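Below is one structure, written out as structure tokens; comments come after it.
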Amino acid sequence: MYPPKFGYVIPESMDEVLEFLEKEQDARPLAGGHSLIPMLKLRIIRPSYLVNIRGLKELHFVNDGKDTVSIGALVTHFELNTNDIINKNVPLLSEAASVVADPQVRNMGTIGGVVSNSDPAADYPASLIALDAIVRIRNRGGVRDVPFSSFQKDVFTTDLKQGELVQEIVIPKLPAYKYRYRKLERRAGDYAIVGVAVLIKMNGEEIEDVRIGLTSVGPKAIRAKEAEELLKGNKPSDELLDKAGEEAMKVSNPTADIRGSVEYKKKMVKVMTKRALKEALER
Amino acid sequence: MKVYTQNDKVKIKLKVNGEEQEVEVEPRRLLVHVLRDLGYTGVHVGCDTSNCGACTVILNGKSVKSCTLLAVEADGSEILTIEGMAKDGKLHPIQEAFWEKHGLQCGYCTPGMILQAYWFLKHNQNPTEQEIREGISGNLCRCTGYQNIVEAIKLAAEKIRQNPQEYLRLA
Ligand SMILES: Cc1cc2nc3c(=O)[nH]c(=O)nc-3n(C[C@H](O)[C@H](O)[C@H](O)COP(=O)(O)OP(=O)(O)OC[C@H]3O[C@@H](n4cnc5c(N)ncnc54)[C@H](O)[C@@H]3O)c2cc1C
Ligand code: FES
Ligand code: FES
């Protein structure tokens, strides 16, 4: 399989990238290329130019702020999994990074690429929506911040406009929360059949706060709000976790594909939500 | 800023197994094809869909699937392929271990397996069996059932621990 013909741009600065992307209709930034190149080979897309942004240092950083951690768009899955700041402050995302694809893909793929691509089966969205992450977008005018929940619009569709780049993902620190990312996959390295991210804050025996993010079970990642409400203020029990799983299942909206039927996937939302909650509580 | 149109050829430089190479490529050329055309035919194309790992090479110290990389992206980089593992007629310890433990049958997946094992062992010289299995989860083998590959990587880890500086300096 060969990609179709396209032009290629090696920029020297962020300004050049933004300017080029703004004026050139079908140009696309190239980050890790691990969604882009497979799509080119399948001839699903036909960009006019690829603009290689990999050399932009301004997009490759992890900043430890007072209340937030900022992750540059070019940080790879491998780096997310092994970076000390992320491990310490956003362990949920490090855990998710460890199960994205396989080691070689993790050496190339970037968080900015995942977020911009908005593949409904991607792993990070479950965690990003549970963490209330902010997407910081860069354009010629400056930056604008959009909550991840409204940044993702639909299948492969985001709030990005022509001439814009994802610059970084800003994540609030949640030190008191237990966490778990649970991925059900058909074979090692595959996309998730169901992905569930949970964050739980306890107050003594009771659940004070809980966030449940679901991915791969609808056009975009969602929060299982009803399940969260059911759990809040209560003492966790097997029965309660079962009910929460049931509520999460009700809001899921998967489609049938080679990885399973709608019925199977919905049932798995229930099972994986319960497991994720249980495993977070055991931490 | 350099702008190449779709019909332009881009001149790129690669250092493959220590050998300087200069080629002109279309922007759409994949790294795997360029390497094979240069004679590094140990870089295999298995699936062509980023799944099997037969095309794995070490690029600037990281294992990557060369079927999912444009050659132009690799401009200026150092690459290690299976052809660069043996030195002065002596196999690399990972190659020896694959031989001794029968870590291959048809051999199609083997260059990719060995290069992925190389990258993995660079990061972890005392791996558990589970870690080895996860470490090669991006490499498929249709023959061996993986058991002897895992045994080979265990043995390779032992060999490498004796002299990591020497054995892990290739890339
Ligand atoms: C075999 C295989 C298995 C995989 N399995 C999984 C999996 O289990 N889970 C999972 O989550 N993902 C999986 N992926 C996808 C992988 O994580 C990709 O790396 C990721 O989706 C895209 O990141 P990238 O850096 O490679 O982006 P690219 O492919 O470079 O770009 C993807 C899209 O985003 C745009 N883009 C990239 N960066 C920016 C930016 N900063 N601003 C604006 N637009 C941008 C590009 O123009 C393109 O349209 C898999 C990929 C492969 C090849
Ligand atoms: S040929 Fe590259 S992963 Fe299979
Ligand atoms: S030995 Fe034949 S594919 Fe692995």
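The way I read the labels, and the way they are meant: chains A, B, ... in the order of the structure tokens, residue 1 as the first residue of every chain, and ligand 1 as the first ligand shown, with later ones counted on from there.
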
Within 6 Å of chain B: residues of chain A, using only C-alpha atoms, as a short mmCIF file (atom, residue, chain, number, x, y, z; two decimals) with all heavy atoms, in the first residue's frame:
```cif
data_model
loop_
_atom_site.label_atom_id
_atom_site.label_comp_id
_atom_site.auth_asym_id
_atom_site.auth_seq_id
_atom_site.Cartn_x
_atom_site.Cartn_y
_atom_site.Cartn_z
N PRO A 3 1.00 5.54 -0.04
CA PRO A 3 0.20 6.76 0.14
C PRO A 3 0.05 7.48 -1.20
O PRO A 3 0.88 7.31 -2.09
CB PRO A 3 1.05 7.60 1.09
CG PRO A 3 2.02 6.67 1.72
CD PRO A 3 2.25 5.58 0.73
N LYS A 5 0.10 10.90 -3.60
CA LYS A 5 1.10 11.98 -3.62
C LYS A 5 0.67 13.14 -2.75
O LYS A 5 -0.52 13.47 -2.69
CB LYS A 5 1.27 12.49 -5.05
CG LYS A 5 1.97 11.49 -5.95
CD LYS A 5 2.32 12.12 -7.27
CE LYS A 5 3.25 11.19 -8.04
NZ LYS A 5 3.94 11.89 -9.12
N PHE A 6 1.63 13.73 -2.08
CA PHE A 6 1.35 14.96 -1.32
C PHE A 6 2.65 15.76 -1.25
O PHE A 6 3.73 15.22 -1.46
CB PHE A 6 0.84 14.65 0.09
CG PHE A 6 1.69 13.65 0.85
CD1 PHE A 6 2.89 14.04 1.43
CD2 PHE A 6 1.29 12.32 0.98
CE1 PHE A 6 3.68 13.13 2.13
CE2 PHE A 6 2.08 11.40 1.66
CZ PHE A 6 3.28 11.80 2.24
N GLY A 7 2.51 17.05 -0.99
CA GLY A 7 3.68 17.90 -0.78
C GLY A 7 4.14 17.78 0.67
O GLY A 7 3.43 17.24 1.52
N TYR A 8 5.33 18.29 0.91
CA TYR A 8 5.91 18.11 2.25
C TYR A 8 6.58 19.40 2.69
O TYR A 8 7.30 20.02 1.92
CB TYR A 8 6.94 16.97 2.17
CG TYR A 8 7.60 16.63 3.49
CD1 TYR A 8 6.86 16.14 4.56
CD2 TYR A 8 8.97 16.77 3.64
CE1 TYR A 8 7.48 15.79 5.76
CE2 TYR A 8 9.60 16.42 4.84
CZ TYR A 8 8.84 15.93 5.89
OH TYR A 8 9.45 15.58 7.07
N VAL A 9 6.31 19.78 3.92
CA VAL A 9 6.84 21.06 4.43
C VAL A 9 7.66 20.82 5.69
O VAL A 9 7.22 20.14 6.62
CB VAL A 9 5.68 22.03 4.75
CG1 VAL A 9 6.22 23.35 5.29
CG2 VAL A 9 4.82 22.27 3.52
N ILE A 10 8.88 21.37 5.68
CA ILE A 10 9.72 21.33 6.87
C ILE A 10 9.82 22.76 7.41
O ILE A 10 10.53 23.59 6.85
CB ILE A 10 11.14 20.81 6.56
CG1 ILE A 10 11.05 19.49 5.80
CG2 ILE A 10 11.93 20.63 7.85
CD1 ILE A 10 12.39 19.03 5.22
N PRO A 11 9.06 23.05 8.45
CA PRO A 11 9.04 24.43 8.96
C PRO A 11 10.20 24.67 9.92
O PRO A 11 10.79 23.73 10.44
CB PRO A 11 7.72 24.47 9.73
CG PRO A 11 7.51 23.07 10.19
CD PRO A 11 8.17 22.16 9.19
N GLU A 12 10.50 25.93 10.12
CA GLU A 12 11.53 26.27 11.10
C GLU A 12 10.94 26.89 12.36
O GLU A 12 11.59 26.92 13.38
CB GLU A 12 12.54 27.24 10.48
CG GLU A 12 13.82 26.52 10.07
CD GLU A 12 14.41 27.09 8.80
OE1 GLU A 12 14.51 28.33 8.70
OE2 GLU A 12 14.77 26.29 7.90
N ILE A 37 -0.50 8.19 8.66
CA ILE A 37 0.09 7.37 7.59
C ILE A 37 -0.77 6.14 7.28
O ILE A 37 -1.02 5.87 6.09
CB ILE A 37 1.56 7.03 7.91
CG1 ILE A 37 2.36 8.36 7.93
CG2 ILE A 37 2.16 6.06 6.88
CD1 ILE A 37 3.80 8.24 8.36
N ASP A 102 1.02 -0.75 20.92
CA ASP A 102 2.15 -1.60 21.28
C ASP A 102 3.40 -0.72 21.42
O ASP A 102 3.36 0.47 21.11
CB ASP A 102 2.35 -2.69 20.23
CG ASP A 102 2.56 -2.12 18.84
OD1 ASP A 102 3.43 -1.24 18.68
OD2 ASP A 102 1.86 -2.55 17.90
N GLN A 104 6.22 -0.13 19.84
CA GLN A 104 6.72 0.66 18.71
C GLN A 104 5.79 1.84 18.42
O GLN A 104 6.25 2.95 18.14
CB GLN A 104 6.85 -0.21 17.45
CG GLN A 104 7.98 -1.22 17.49
CD GLN A 104 7.49 -2.59 17.88
OE1 GLN A 104 6.70 -2.74 18.80
NE2 GLN A 104 7.95 -3.62 17.19
#
```

Counting only C-alpha atoms and all ligand atoms, what are the residues, protein, DNA or RNA alike, that approach ligand 3 to within 6 Å? I want them as a ChimeraX atom specification.
/B:104-110,141-144

For the residues selected in the previous step, produce a file with N, CA and C atoms as a PDB file, in the first residue's frame.
```
ATOM      1  N   LEU B 104      13.250 -19.140  16.303  1.00  0.00           N
ATOM      2  CA  LEU B 104      12.674 -18.869  14.984  1.00  0.00           C
ATOM      3  C   LEU B 104      12.415 -20.171  14.234  1.00  0.00           C
ATOM      4  N   GLN B 105      11.463 -20.076  13.317  1.00  0.00           N
ATOM      5  CA  GLN B 105      11.237 -21.195  12.395  1.00  0.00           C
ATOM      6  C   GLN B 105      11.446 -20.696  10.969  1.00  0.00           C
ATOM      7  N   CYS B 106      10.446 -20.026  10.385  1.00  0.00           N
ATOM      8  CA  CYS B 106      10.666 -19.533   9.018  1.00  0.00           C
ATOM      9  C   CYS B 106      11.598 -18.322   8.998  1.00  0.00           C
ATOM     10  N   GLY B 107      11.629 -17.575  10.100  1.00  0.00           N
ATOM     11  CA  GLY B 107      12.530 -16.436  10.193  1.00  0.00           C
ATOM     12  C   GLY B 107      11.982 -15.120   9.694  1.00  0.00           C
ATOM     13  N   TYR B 108      10.756 -15.128   9.220  1.00  0.00           N
ATOM     14  CA  TYR B 108      10.233 -13.881   8.644  1.00  0.00           C
ATOM     15  C   TYR B 108      10.123 -12.766   9.684  1.00  0.00           C
ATOM     16  N   CYS B 109       9.670 -13.121  10.883  1.00  0.00           N
ATOM     17  CA  CYS B 109       9.460 -12.109  11.921  1.00  0.00           C
ATOM     18  C   CYS B 109      10.752 -11.766  12.648  1.00  0.00           C
ATOM     19  N   THR B 110      11.800 -12.573  12.430  1.00  0.00           N
ATOM     20  CA  THR B 110      12.975 -12.545  13.302  1.00  0.00           C
ATOM     21  C   THR B 110      13.740 -11.216  13.334  1.00  0.00           C
ATOM     22  N   CYS B 141       4.329 -13.389  15.280  1.00  0.00           N
ATOM     23  CA  CYS B 141       5.030 -14.540  14.715  1.00  0.00           C
ATOM     24  C   CYS B 141       4.000 -15.600  14.381  1.00  0.00           C
ATOM     25  N   ARG B 142       4.009 -16.046  13.145  1.00  0.00           N
ATOM     26  CA  ARG B 142       2.978 -17.012  12.751  1.00  0.00           C
ATOM     27  C   ARG B 142       3.467 -18.449  12.936  1.00  0.00           C
ATOM     28  N   CYS B 143       4.740 -18.638  13.316  1.00  0.00           N
ATOM     29  CA  CYS B 143       5.275 -19.996  13.405  1.00  0.00           C
ATOM     30  C   CYS B 143       5.460 -20.517  14.828  1.00  0.00           C
ATOM     31  N   THR B 144       6.190 -19.785  15.653  1.00  0.00           N
ATOM     32  CA  THR B 144       6.761 -20.394  16.864  1.00  0.00           C
ATOM     33  C   THR B 144       5.819 -20.534  18.039  1.00  0.00           C
TER      34      THR B 144
END
```

Please identify all protein, DNA and RNA residues within 6 Å of ligand 1, counting only C-alpha atoms and all ligand atoms, and report them as a PyMOL selection string.
(chain A and resi 28-36+73+100-101+105+109-110+112-114+116-117+122-123+165-167+189-192) or (chain B and resi 50-51)

Keeping N, CA and C atoms, export the residues of the selection given above as a CSV table (one decimal), in the first residue's frame.
```
chain,number,residue,atom,x,y,z
A,28,ARG,N,-2.1,19.3,6.3
A,28,ARG,CA,-2.3,18.7,7.6
A,28,ARG,C,-1.0,18.7,8.3
A,29,PRO,N,-1.0,18.9,9.7
A,29,PRO,CA,0.2,18.7,10.4
A,29,PRO,C,0.5,17.2,10.6
A,30,LEU,N,1.8,16.9,10.6
A,30,LEU,CA,2.2,15.5,10.8
A,30,LEU,C,2.9,15.5,12.1
A,31,ALA,N,2.3,14.7,13.0
A,31,ALA,CA,3.0,14.5,14.4
A,31,ALA,C,3.7,13.1,14.4
A,32,GLY,N,3.1,12.2,15.1
A,32,GLY,CA,3.6,10.8,15.1
A,32,GLY,C,3.4,10.1,13.8
A,33,GLY,N,2.3,10.5,13.1
A,33,GLY,CA,2.0,9.8,11.8
A,33,GLY,C,1.3,8.5,12.0
A,34,HIS,N,1.1,8.1,13.2
A,34,HIS,CA,0.6,6.7,13.4
A,34,HIS,C,-1.0,6.5,13.3
A,35,SER,N,-1.6,7.7,13.0
A,35,SER,CA,-3.0,7.6,12.5
A,35,SER,C,-3.0,8.1,11.1
A,36,LEU,N,-2.2,9.1,10.8
A,36,LEU,CA,-2.2,9.8,9.5
A,36,LEU,C,-1.6,8.8,8.4
A,73,ALA,N,1.8,18.9,23.0
A,73,ALA,CA,1.1,18.0,22.0
A,73,ALA,C,2.0,16.9,21.5
A,100,VAL,N,-1.9,1.8,25.4
A,100,VAL,CA,-2.2,2.3,24.0
A,100,VAL,C,-1.4,1.4,23.1
A,101,ALA,N,-2.0,0.8,22.1
A,101,ALA,CA,-1.3,0.1,21.0
A,101,ALA,C,-0.1,-0.8,21.6
A,105,VAL,N,4.5,1.6,18.4
A,105,VAL,CA,3.5,2.7,18.2
A,105,VAL,C,3.7,3.7,19.3
A,109,GLY,N,3.6,7.7,18.5
A,109,GLY,CA,2.3,8.4,18.6
A,109,GLY,C,2.3,9.4,19.7
A,110,THR,N,1.6,10.5,19.5
A,110,THR,CA,1.6,11.6,20.5
A,110,THR,C,0.2,11.9,21.0
A,112,GLY,N,-1.1,14.9,21.4
A,112,GLY,CA,-1.7,15.9,20.5
A,112,GLY,C,-2.4,15.2,19.3
A,113,GLY,N,-1.7,14.2,18.8
A,113,GLY,CA,-2.3,13.5,17.6
A,113,GLY,C,-3.5,12.7,18.0
A,114,VAL,N,-3.6,12.1,19.1
A,114,VAL,CA,-4.8,11.4,19.6
A,114,VAL,C,-5.9,12.4,19.7
A,116,SER,N,-6.3,15.4,18.5
A,116,SER,CA,-6.8,16.0,17.2
A,116,SER,C,-7.5,15.1,16.3
A,117,ASN,N,-7.1,13.8,16.4
A,117,ASN,CA,-7.6,12.8,15.5
A,117,ASN,C,-9.1,12.5,15.9
A,122,ALA,N,-10.1,5.7,20.7
A,122,ALA,CA,-8.8,6.0,21.3
A,122,ALA,C,-8.9,5.8,22.8
A,123,ASP,N,-7.8,5.6,23.5
A,123,ASP,CA,-7.8,5.3,24.9
A,123,ASP,C,-7.9,6.6,25.8
A,165,LEU,N,-3.6,24.6,15.7
A,165,LEU,CA,-2.9,23.4,16.2
A,165,LEU,C,-3.3,23.2,17.7
A,166,VAL,N,-3.3,21.9,18.1
A,166,VAL,CA,-3.3,21.7,19.5
A,166,VAL,C,-1.9,21.9,20.1
A,167,GLN,N,-1.8,22.8,21.1
A,167,GLN,CA,-0.5,23.2,21.6
A,167,GLN,C,-0.2,22.3,22.8
A,189,GLY,N,-2.5,-5.0,22.1
A,189,GLY,CA,-2.1,-3.9,21.2
A,189,GLY,C,-3.3,-3.4,20.4
A,190,ASP,N,-4.5,-4.0,20.5
A,190,ASP,CA,-5.6,-3.5,19.7
A,190,ASP,C,-6.3,-2.3,20.3
A,191,TYR,N,-7.1,-1.7,19.6
A,191,TYR,CA,-8.0,-0.6,20.1
A,191,TYR,C,-8.9,-1.2,21.1
A,192,ALA,N,-9.5,-0.4,22.0
A,192,ALA,CA,-10.4,-0.8,23.1
A,192,ALA,C,-11.7,-1.3,22.5
B,50,SER,N,0.9,-1.6,10.0
B,50,SER,CA,1.4,-1.2,11.3
B,50,SER,C,1.1,-2.2,12.4
B,51,ASN,N,0.8,-3.4,12.1
B,51,ASN,CA,0.4,-4.4,13.1
B,51,ASN,C,1.5,-5.4,13.4
```

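DSSP, applied to the backbone of this structure, assigns alpha helix (DSSP H) to the following residues of stretch 160-249 of chain A: Lys225, Glu226, Ala227, Glu228, Glu229, Leu230, Leu231, Asp238, Glu239, Leu240, Leu241, Asp242, Lys243, Ala244, Gly245, Glu246, Glu247, Ala248 and Met249 of chain A.
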
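Residue nearest ligand 2, chosen from B:Glu20, B:Arg36, B:Gly112, B:Lys15 and counting only C-alpha atoms and all ligand atoms: B:Gly112.
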
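The nearest approach to B:Leu140 among the residues A:Leu80, A:Ala188, A:Val115, A:Ala280, with only C-alpha atoms taken into account, belongs to A:Ala188.
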
Measuring between only C-alpha atoms and all ligand atoms, which one of A:Gln25, A:Asp64, A:Pro103, A:Val196 shows the shortest distance to ligand 2?
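With only C-alpha atoms and all ligand atoms as the atom set, the closest residue is A:Pro103.
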